[in-house]
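A.B. asks: My structure is stored as entry-v2.txt, with compact mmCIF, C-alpha atoms.
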# COMPACT_ATOMS: atom_id res chain seq x y z
CA MET A 1 -11.55 30.48 29.40
CA THR A 2 -9.37 27.49 28.61
CA ALA A 3 -8.65 26.30 25.07
CA SER A 4 -10.97 23.31 25.51
CA HIS A 5 -13.76 25.59 26.71
CA ARG A 6 -13.26 27.88 23.72
CA ILE A 7 -13.43 24.90 21.36
CA GLY A 8 -16.56 23.66 23.10
CA ALA A 9 -18.20 27.09 22.89
CA ARG A 10 -17.36 27.36 19.19
CA ARG A 11 -18.80 23.89 18.59
CA GLN A 12 -21.98 24.79 20.46
CA ALA A 13 -22.39 27.97 18.42
CA TRP A 14 -21.94 26.24 15.06
CA ASP A 15 -24.18 23.36 16.11
CA ALA A 16 -26.98 25.87 16.67
CA GLU A 17 -26.37 27.81 13.46
CA LEU A 18 -26.31 24.65 11.34
CA SER A 19 -29.52 23.27 12.87
CA PRO A 20 -32.29 24.67 10.65
CA SER A 21 -34.93 22.85 12.67
CA THR A 22 -34.41 25.43 15.44
CA ARG A 23 -36.13 28.04 13.25
CA ALA A 24 -38.59 25.78 11.43
CA ARG A 25 -42.24 25.64 12.50
CA ASP A 26 -42.80 21.90 12.02
CA ALA A 27 -39.71 20.22 10.55
CA ARG A 28 -40.84 16.69 11.36
CA GLY A 29 -44.28 17.24 9.85
CA THR A 30 -42.82 18.78 6.71
CA LEU A 31 -40.43 15.87 6.21
CA ALA A 32 -43.40 13.54 6.52
CA ARG A 33 -45.12 15.49 3.74
CA TYR A 34 -42.06 14.97 1.54
CA ARG A 35 -42.52 11.22 1.93
CA THR A 36 -46.32 11.20 1.57
CA ARG A 37 -46.33 13.35 -1.57
CA SER A 38 -43.38 11.50 -3.07
CA LEU A 39 -45.00 8.11 -2.54
CA ALA A 40 -48.17 9.42 -4.16
CA ALA A 41 -46.19 10.63 -7.19
CA LEU A 42 -44.43 7.29 -7.51
CA ARG A 43 -47.77 5.49 -7.23
CA GLU A 44 -49.83 7.69 -9.55
CA LEU A 45 -47.49 9.09 -12.21
CA ARG A 46 -45.82 7.32 -15.10
CA HIS A 47 -42.12 6.97 -14.31
CA ARG A 48 -39.02 4.80 -14.54
CA ALA A 49 -37.58 3.96 -11.13
CA ASN A 50 -33.95 3.40 -10.14
CA VAL A 51 -32.45 4.22 -13.51
CA PRO A 52 -28.64 3.84 -13.26
CA TYR A 53 -26.56 6.85 -14.24
CA GLY A 54 -23.21 5.60 -12.93
CA PRO A 55 -21.45 2.48 -11.64
CA HIS A 56 -22.02 2.93 -7.90
CA PRO A 57 -25.19 1.31 -6.45
CA ALA A 58 -26.23 4.72 -5.07
CA GLU A 59 -26.07 6.30 -8.52
CA ARG A 60 -29.71 5.82 -9.44
CA LEU A 61 -32.52 8.19 -10.34
CA HIS A 62 -36.30 8.25 -10.70
CA HIS A 63 -37.41 9.67 -14.07
CA PHE A 64 -40.84 11.20 -14.67
CA PRO A 65 -41.06 11.90 -18.43
CA PRO A 66 -42.77 15.07 -19.67
CA HIS A 67 -46.08 14.88 -21.47
CA GLN A 68 -44.55 16.27 -24.67
CA PRO A 69 -41.05 15.68 -26.10
CA GLY A 70 -38.53 18.49 -26.17
CA ALA A 71 -39.61 19.81 -22.77
CA PRO A 72 -37.40 21.27 -20.04
CA LEU A 73 -36.06 18.72 -17.57
CA VAL A 74 -35.75 19.57 -13.87
CA VAL A 75 -33.33 17.45 -11.84
CA PHE A 76 -33.88 17.65 -8.09
CA VAL A 77 -31.10 16.83 -5.60
CA HIS A 78 -32.38 16.26 -2.07
CA GLY A 79 -30.96 17.65 1.16
CA GLY A 80 -30.43 16.15 4.60
CA HIS A 81 -26.95 17.33 5.69
CA TRP A 82 -25.46 14.78 3.25
CA GLN A 83 -26.52 11.99 5.64
CA GLU A 84 -30.32 11.77 5.56
CA SER A 85 -33.23 11.45 3.08
CA SER A 86 -33.13 9.91 -0.40
CA LYS A 87 -34.50 10.20 -3.91
CA ASP A 88 -37.59 8.32 -2.68
CA ASP A 89 -38.45 11.39 -0.58
CA ALA A 90 -37.64 13.80 -3.42
CA CYS A 91 -40.46 13.17 -5.90
CA PHE A 92 -42.96 15.57 -4.30
CA ALA A 93 -42.49 18.28 -6.97
CA ALA A 94 -43.09 15.94 -9.91
CA PRO A 95 -46.87 16.48 -10.23
CA ALA A 96 -46.65 20.29 -10.35
CA LEU A 97 -43.71 20.39 -12.75
CA LEU A 98 -45.21 17.79 -15.08
CA ALA A 99 -48.45 19.78 -15.10
CA ALA A 100 -46.38 22.82 -16.12
CA GLY A 101 -44.94 20.92 -19.09
CA ALA A 102 -41.56 19.85 -17.73
CA GLY A 103 -40.00 16.47 -17.04
CA TYR A 104 -38.72 15.62 -13.57
CA VAL A 105 -35.80 13.63 -12.22
CA ALA A 106 -35.11 12.79 -8.55
CA LEU A 107 -31.40 12.07 -8.20
CA GLY A 108 -29.84 9.77 -5.60
CA TYR A 109 -26.20 10.00 -4.57
CA GLY A 110 -25.70 7.98 -1.38
CA LEU A 111 -25.15 9.23 2.13
CA ALA A 112 -22.47 9.69 4.77
CA PRO A 113 -20.82 8.00 6.54
CA ALA A 114 -20.93 5.20 3.97
CA ARG A 115 -19.93 7.69 1.27
CA ARG A 116 -17.52 10.59 1.59
CA LEU A 117 -18.42 14.06 0.42
CA PRO A 118 -16.01 14.05 -2.57
CA GLU A 119 -17.75 10.87 -3.75
CA MET A 120 -21.20 12.44 -3.43
CA THR A 121 -20.03 15.51 -5.33
CA ALA A 122 -18.66 13.32 -8.11
CA SER A 123 -21.93 11.36 -8.24
CA VAL A 124 -24.08 14.45 -8.66
CA TYR A 125 -21.71 15.67 -11.37
CA ARG A 126 -22.08 12.32 -13.16
CA GLY A 127 -25.84 12.39 -12.72
CA LEU A 128 -26.30 15.87 -14.18
CA ARG A 129 -23.94 15.09 -17.03
CA TRP A 130 -25.82 11.83 -17.73
CA VAL A 131 -29.19 13.61 -17.81
CA ARG A 132 -27.82 16.24 -20.19
CA GLU A 133 -26.25 13.64 -22.49
CA ASN A 134 -29.46 11.58 -22.50
CA ALA A 135 -31.90 14.48 -22.48
CA ALA A 136 -33.61 13.59 -25.76
CA ARG A 137 -34.18 10.01 -24.61
CA LEU A 138 -35.66 11.37 -21.38
CA GLY A 139 -38.15 13.52 -23.29
CA GLY A 140 -36.22 16.76 -23.02
CA ARG A 141 -33.41 18.63 -24.71
CA ALA A 142 -29.79 19.05 -23.69
CA ASP A 143 -29.91 22.84 -23.64
CA ALA A 144 -32.99 22.92 -21.38
CA VAL A 145 -31.78 20.90 -18.38
CA TYR A 146 -32.20 22.62 -15.01
CA ALA A 147 -31.02 21.44 -11.60
CA ALA A 148 -32.66 22.27 -8.29
CA GLY A 149 -31.26 21.34 -4.91
CA SER A 150 -32.23 21.93 -1.31
CA SER A 151 -29.76 22.38 1.56
CA ALA A 152 -27.04 19.75 0.98
CA GLY A 153 -28.52 19.26 -2.48
CA ALA A 154 -28.02 22.96 -3.27
CA HIS A 155 -24.36 22.61 -2.30
CA LEU A 156 -23.94 19.52 -4.49
CA VAL A 157 -25.59 21.17 -7.51
CA ALA A 158 -23.43 24.27 -7.08
CA MET A 159 -20.31 22.09 -6.94
CA ALA A 160 -21.32 19.98 -9.95
CA THR A 161 -21.77 23.07 -12.13
CA ALA A 162 -18.78 25.07 -10.86
CA ASP A 163 -15.59 25.83 -12.75
CA ARG A 164 -14.76 25.42 -16.42
CA ASP A 165 -15.36 21.66 -16.36
CA GLY A 166 -18.71 21.90 -14.55
CA VAL A 167 -21.84 20.51 -16.16
CA PRO A 168 -23.37 23.26 -18.35
CA LEU A 169 -27.04 23.79 -17.52
CA ALA A 170 -29.80 26.15 -18.56
CA GLY A 171 -30.27 27.15 -14.93
CA THR A 172 -29.95 26.17 -11.28
CA VAL A 173 -32.35 26.68 -8.38
CA LEU A 174 -30.40 26.59 -5.11
CA LEU A 175 -32.55 26.46 -1.99
CA SER A 176 -31.16 27.14 1.51
CA GLY A 177 -27.68 25.99 0.62
CA LEU A 178 -24.33 25.96 2.38
CA TYR A 179 -21.68 27.33 0.03
CA ASP A 180 -18.81 27.61 2.52
CA LEU A 181 -18.19 24.34 4.37
CA LEU A 182 -15.53 25.62 6.76
CA PRO A 183 -18.11 26.17 9.55
CA VAL A 184 -19.28 22.58 9.07
CA VAL A 185 -15.88 21.30 10.23
CA ASP A 186 -16.53 22.60 13.75
CA SER A 187 -20.11 21.29 14.01
CA TYR A 188 -22.05 18.10 14.68
CA VAL A 189 -22.70 17.78 10.94
CA ASN A 190 -19.07 16.81 10.50
CA ASP A 191 -19.35 13.79 12.78
CA ALA A 192 -20.56 11.77 9.78
CA LEU A 193 -18.64 13.67 7.09
CA GLY A 194 -15.14 13.67 8.60
CA LEU A 195 -14.02 16.82 6.77
CA ASP A 196 -10.78 18.62 7.52
CA ALA A 197 -10.39 22.33 6.80
CA ALA A 198 -8.52 21.84 3.52
CA THR A 199 -11.12 19.47 2.09
CA ALA A 200 -13.96 21.67 3.29
CA ARG A 201 -12.52 24.65 1.46
CA GLN A 202 -11.89 22.60 -1.67
CA LEU A 203 -15.51 21.47 -1.67
CA SER A 204 -16.96 24.95 -1.08
CA PRO A 205 -18.65 26.62 -4.08
CA LEU A 206 -17.85 30.00 -2.53
CA TYR A 207 -14.18 29.48 -3.40
CA ARG A 208 -14.74 28.04 -6.89
CA ARG A 209 -15.27 29.65 -10.28
CA ALA A 210 -18.78 30.74 -11.25
CA PRO A 211 -21.21 27.96 -12.25
CA ARG A 212 -21.81 27.00 -15.85
CA ALA A 213 -25.50 27.84 -15.69
CA GLY A 214 -27.47 30.29 -17.76
CA HIS A 215 -29.44 31.43 -14.71
CA VAL A 216 -28.87 31.01 -10.99
CA LEU A 217 -31.71 31.41 -8.51
CA LEU A 218 -30.73 31.55 -4.83
CA ALA A 219 -33.70 31.18 -2.51
CA ARG A 220 -34.23 30.61 1.18
CA GLY A 221 -37.08 30.80 3.63
CA GLN A 222 -37.71 33.73 5.92
CA HIS A 223 -37.27 31.47 8.94
CA GLU A 224 -33.64 30.34 8.62
CA THR A 225 -30.72 30.57 11.00
CA ASP A 226 -28.42 33.56 10.61
CA GLU A 227 -25.71 31.38 9.06
CA TYR A 228 -27.90 30.08 6.25
CA ALA A 229 -28.99 33.65 5.50
CA ARG A 230 -25.40 34.87 5.60
CA GLN A 231 -24.19 32.12 3.29
CA GLN A 232 -26.79 32.92 0.65
CA ASP A 233 -25.84 36.60 0.75
CA ARG A 234 -22.11 35.83 0.54
CA PHE A 235 -22.56 33.46 -2.38
CA ALA A 236 -24.74 35.95 -4.24
CA SER A 237 -22.08 38.64 -3.76
CA ALA A 238 -19.32 36.26 -4.89
CA LEU A 239 -21.22 35.37 -8.05
CA LEU A 240 -21.81 39.04 -8.82
CA ALA A 241 -18.10 39.74 -8.37
CA ARG A 242 -17.36 37.00 -10.91
CA GLY A 243 -19.71 38.56 -13.44
CA HIS A 244 -22.47 35.99 -12.92
CA PRO A 245 -25.30 37.72 -11.06
CA ALA A 246 -27.87 35.54 -9.35
CA ARG A 247 -31.51 36.21 -8.67
CA VAL A 248 -32.01 36.23 -4.90
CA LEU A 249 -35.28 35.35 -3.20
CA VAL A 250 -36.30 35.29 0.47
CA ALA A 251 -39.70 33.60 0.68
CA GLU A 252 -41.94 35.00 3.38
CA ASP A 253 -43.54 32.58 5.81
CA ARG A 254 -41.29 29.72 4.66
CA ASP A 255 -38.51 27.86 6.42
CA HIS A 256 -35.65 25.56 5.50
CA PHE A 257 -37.92 22.53 5.18
CA ASP A 258 -41.20 23.70 3.67
CA LEU A 259 -39.71 25.92 0.96
CA PRO A 260 -38.92 23.01 -1.43
CA LEU A 261 -42.60 22.01 -1.40
CA ASP A 262 -43.27 25.21 -3.38
CA LEU A 263 -41.24 24.04 -6.40
CA GLY A 264 -43.50 24.32 -9.43
CA ASP A 265 -46.51 25.53 -7.42
CA PRO A 266 -47.83 28.64 -9.21
CA ALA A 267 -49.64 29.75 -6.06
CA THR A 268 -46.28 30.47 -4.38
CA VAL A 269 -43.53 33.00 -5.01
CA LEU A 270 -40.87 30.33 -5.51
CA GLY A 271 -43.11 28.25 -7.76
CA ARG A 272 -43.98 31.21 -9.98
CA THR A 273 -40.32 32.20 -10.21
CA VAL A 274 -39.26 28.68 -11.23
CA LEU A 275 -42.06 28.32 -13.77
CA ASP A 276 -41.15 31.69 -15.27
CA LEU A 277 -37.54 30.51 -15.56
CA LEU A 278 -38.66 27.39 -17.41
CA ALA A 279 -41.09 29.30 -19.62
CA HIS A 280 -38.42 31.69 -20.86
CA GLY A 281 -35.63 29.14 -21.22
CA PRO A 282 -34.16 27.65 -24.41
CA GLY A 283 -36.71 26.75 -27.05
CA ARG A 284 -39.54 28.60 -25.28
Could you spell out this file's structure in structure tokens?
C.D. replies:
Amino acid sequence: MTASHRIGARRQAWDAELSPSTRARDARGTLARYRTRSLAALRELRHRANVPYGPHPAERLHHFPPHQPGAPLVVFVHGGHWQESSKDDACFAAPALLAAGAGYVALGYGLAPARRLPEMTASVYRGLRWVRENAARLGGRADAVYAAGSSAGAHLVAMATADRDGVPLAGTVLLSGLYDLLPVVDSYVNDALGLDAATARQLSPLYRRAPRAGHVLLARGQHETDEYARQQDRFASALLARGHPARVLVAEDRDHFDLPLDLGDPATVLGRTVLDLLAHGPGR
């Protein structure tokens, strides 16, 4: 096999492993539910739309205040391989979490190729820091801010809370994340990102210090590609080695796309786990 054939075969393999839709039951239908439920939340629930948290036009958030002051605040960072979706599709969990007594924030950060990954990482850091600094004004409290992220959003939350200067949070909920970006370099995902190996490693939570979060929940669906499963296991092991054990969950009969719809839903394993985390957090 020639060098070009080997490169092509490697690309083909990583393309498959980083395509969660190959294992999902109805990815397109689930993404449509994100939009339908999010639009309903924006239409029916009290909220402030497009609140700026930083100077860039993409640095905006939707804020759904809790029913009572001093409540936990859950910030959700959407996925989409850093190049799809938006905060407008990320409001679907607001009704369930508000009903459970929390406030909800859907965070926008811009997309590739218009924005580079270091810029997105910096935006999510600014957004989480802004929410924590303004928690009381948002109806919450600074020591009870939680961040949840799905897929690319899980990566961005993990990066924003990593190391000694990461944003300190009460907890993080990381769903179906990529924590080592080196495989991304050799895949179709990188066509929009333009990462080289050095930058990919620098932006990989797997190679950073443990997150500044009181609790870390790592969850994925049963129907994921082998690489997504492997990355969750590797990140859990790395956190344990750093003295920061994570709770690990594999949700039966869920895939990469429909798992986030369970956030805050007490009828689901993920929803019950998240609500228990909020119920036993600071001030509870």
A.B. asks: List the spatial neighbours of Gly166 (chain A) as a tab-separated table (two decimals) with C-alpha atoms, keeping the file's coordinate frame - criterion: any atom at most 12 Å away, all atoms listed in the file, same-chain residues fewer than 3 positions off excluded.
C.D. replies:
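Dumped to part.tsv:
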chain	number	residue	atom	x	y	z
A	121	THR	CA	-20.03	15.51	-5.33
A	122	ALA	CA	-18.66	13.32	-8.11
A	124	VAL	CA	-24.08	14.45	-8.66
A	125	TYR	CA	-21.71	15.67	-11.37
A	126	ARG	CA	-22.08	12.32	-13.16
A	128	LEU	CA	-26.30	15.87	-14.18
A	129	ARG	CA	-23.94	15.09	-17.03
A	156	LEU	CA	-23.94	19.52	-4.49
A	157	VAL	CA	-25.59	21.17	-7.51
A	158	ALA	CA	-23.43	24.27	-7.08
A	159	MET	CA	-20.31	22.09	-6.94
A	160	ALA	CA	-21.32	19.98	-9.95
A	161	THR	CA	-21.77	23.07	-12.13
A	162	ALA	CA	-18.78	25.07	-10.86
A	163	ASP	CA	-15.59	25.83	-12.75
A	169	LEU	CA	-27.04	23.79	-17.52
A	205	PRO	CA	-18.65	26.62	-4.08
A	208	ARG	CA	-14.74	28.04	-6.89
A	209	ARG	CA	-15.27	29.65	-10.28
A	210	ALA	CA	-18.78	30.74	-11.25
A	211	PRO	CA	-21.21	27.96	-12.25
A	212	ARG	CA	-21.81	27.00	-15.85
A	213	ALA	CA	-25.50	27.84	-15.69
A.B. asks: What's around Ser19 (chain A) at 10 Å? Count all atoms listed in the file, leave out sequence neighbours fewer than 2 positions away in its own chain, and write the answer as a ChimeraX atom specification.
C.D. replies: /A:14-17,21-24,81,187-189,224-225,227-228,256
A.B. asks: Taking (-20.4, 36.9, -2.7) in the file's coordinates as the center, which residues reach within 12 Å of it, counting only C-alpha atoms, put as a list in words?
C.D. replies: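 Here the neighbourhood of the point contains Tyr179, Asp180, Pro205, Leu206, Tyr207, Arg208, Arg209, Ala210, Leu218, Arg230, Gln231, Gln232, Asp233, Arg234, Phe235, Ala236, Ser237, Ala238, Leu239, Leu240, Ala241, Arg242, Gly243, His244, Pro245, Ala246 and Val248 of chain A.
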A.B. asks: Please identify all polymer residues within 6 Å of Gly70 (chain A), counting only C-alpha atoms, omitting same-chain residues fewer than 2 positions from it, and present them as a list in words.
C.D. replies: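 Here the qualifying residues turn out to be Gly139, Gly140 and Arg141 of chain A.
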A.B. asks: I'd like the interatomic distance between CA of Asn50 (chain A) and CA of Gly29 (chain A), to a tenth of an Å.
C.D. replies: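 For CA of Asn50 (chain A) relative to CA of Gly29 (chain A), the distance reads 26.4 Å.
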A.B. asks: Once you count only C-alpha atoms, which residues end up no further than 10 Å from (-43.4, 21.7, -19.3) in the file's frame, shown as a list in words?
C.D. replies: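 Protein, DNA and RNA residues close to (-43.4, 21.7, -19.3): Pro66, His67, Gln68, Pro69, Gly70, Ala71, Pro72, Leu73, Val74, Ala96, Leu97, Leu98, Ala99, Ala100, Gly101, Ala102, Gly103, Tyr104, Gly140, Leu275, Leu278, Ala279 and Arg284 of chain A.
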A.B. asks: With C-alpha atoms retained, write the just-selected residues as a PDB file, in the coordinates of the input.
C.D. replies:
ATOM      1  CA  PRO A  66     -42.770  15.070 -19.670  1.00  0.00           C
ATOM      2  CA  HIS A  67     -46.080  14.880 -21.470  1.00  0.00           C
ATOM      3  CA  GLN A  68     -44.550  16.270 -24.670  1.00  0.00           C
ATOM      4  CA  PRO A  69     -41.050  15.680 -26.100  1.00  0.00           C
ATOM      5  CA  GLY A  70     -38.530  18.490 -26.170  1.00  0.00           C
ATOM      6  CA  ALA A  71     -39.610  19.810 -22.770  1.00  0.00           C
ATOM      7  CA  PRO A  72     -37.400  21.270 -20.040  1.00  0.00           C
ATOM      8  CA  LEU A  73     -36.060  18.720 -17.570  1.00  0.00           C
ATOM      9  CA  VAL A  74     -35.750  19.570 -13.870  1.00  0.00           C
ATOM     10  CA  ALA A  96     -46.650  20.290 -10.350  1.00  0.00           C
ATOM     11  CA  LEU A  97     -43.710  20.390 -12.750  1.00  0.00           C
ATOM     12  CA  LEU A  98     -45.210  17.790 -15.080  1.00  0.00           C
ATOM     13  CA  ALA A  99     -48.450  19.780 -15.100  1.00  0.00           C
ATOM     14  CA  ALA A 100     -46.380  22.820 -16.120  1.00  0.00           C
ATOM     15  CA  GLY A 101     -44.940  20.920 -19.090  1.00  0.00           C
ATOM     16  CA  ALA A 102     -41.560  19.850 -17.730  1.00  0.00           C
ATOM     17  CA  GLY A 103     -40.000  16.470 -17.040  1.00  0.00           C
ATOM     18  CA  TYR A 104     -38.720  15.620 -13.570  1.00  0.00           C
ATOM     19  CA  GLY A 140     -36.220  16.760 -23.020  1.00  0.00           C
ATOM     20  CA  LEU A 275     -42.060  28.320 -13.770  1.00  0.00           C
ATOM     21  CA  LEU A 278     -38.660  27.390 -17.410  1.00  0.00           C
ATOM     22  CA  ALA A 279     -41.090  29.300 -19.620  1.00  0.00           C
ATOM     23  CA  ARG A 284     -39.540  28.600 -25.280  1.00  0.00           C
TER      24      ARG A 284
END
A.B. asks: Just checking: using all atoms listed in the file, which residue out of A:Gly271, A:Gly79, A:Gly264, A:Gly221 ends up closest to Leu249 (chain A)?
C.D. replies: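 Distance minimum relative to Leu249 (chain A) lands on A:Gly221.
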A.B. asks: CA of Arg43 (chain A) to CA of Val75 (chain A): how many Å, to one decimal?
C.D. replies: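 Between CA of Arg43 (chain A) and CA of Val75 (chain A) the gap is 19.3 Å.
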A.B. asks: Which residue gives the smallest distance to Ala40 (chain A) among A:Pro55, A:Ala90, A:Gln83, A:Arg247, with all atoms listed in the file counted?
C.D. replies: A:Ala90
A.B. asks: Mind giving me the straight-line distance from CA of Asp26 (chain A) to CA of Gly110 (chain A) in Å, one decimal?
C.D. replies: 25.8 Å
A.B. asks: Might you pull out every residue within 9 Å of Thr199 (chain A), with all atoms listed in the file counted and same-chain residues fewer than 3 positions away left off, and present them as a list in words?
C.D. replies: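 Neighbouring residues, sequence-local ones excluded: Pro118, Leu181, Leu182, Leu195, Asp196, Gln202, Leu203 and Ser204 of chain A.
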A.B. asks: Using all atoms listed in the file, which residues sit within 9 Å of Leu45 (chain A) once same-chain residues fewer than 2 positions away are excluded, as a VMD selection string?
C.D. replies: chain A and resid 40 to 43 47 64 94 to 95
A.B. asks: Restricting the calculation to all atoms listed in the file, which member of A:Gly171, A:Arg46, A:Val51, A:His155 is positioned closest to Asp276 (chain A)?
C.D. replies: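 Answer, going by the shortest atom-to-atom distance: A:Gly171.
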A.B. asks: Quick one: of A:Leu117, A:Ala154, A:Ala49, A:Val145, who's nearest to Leu178 (chain A), counting all atoms listed in the file?
C.D. replies: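 Comparing A:Leu117, A:Ala154, A:Ala49, A:Val145 against Leu178 (chain A), the winner is A:Ala154.
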A.B. asks: Calculated over all atoms listed in the file, which of the candidates A:Gln222, A:Thr268, A:Thr36, A:Asn134 has the smallest distance to Phe92 (chain A)?
C.D. replies: A:Thr36
A.B. asks: Determine, using all atoms listed in the file, which residues of region 73-190 of chain A have any atom at most 12 Å from an atom of region 250-253 of chain A, and tabulate each with its shortest atom pair and distance in Å to one decimal place, rows ordered by chain and then rising number, as JSON lines.
C.D. replies:
{"residue": "A:Leu174", "atom": "CA", "partner": "A:Val250", "partner_atom": "CA", "distance": 11.9}
{"residue": "A:Leu175", "atom": "CA", "partner": "A:Val250", "partner_atom": "CA", "distance": 9.9}
{"residue": "A:Ser176", "atom": "CA", "partner": "A:Val250", "partner_atom": "CA", "distance": 9.7}
A.B. asks: I need the residue nearest Glu119 (chain A) from this list: A:Val77, A:Ala147, A:Leu193, A:Ala170. Use only C-alpha atoms for the distance.
C.D. replies: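 Once distances to Glu119 (chain A) are computed over only C-alpha atoms, the minimum belongs to A:Leu193.
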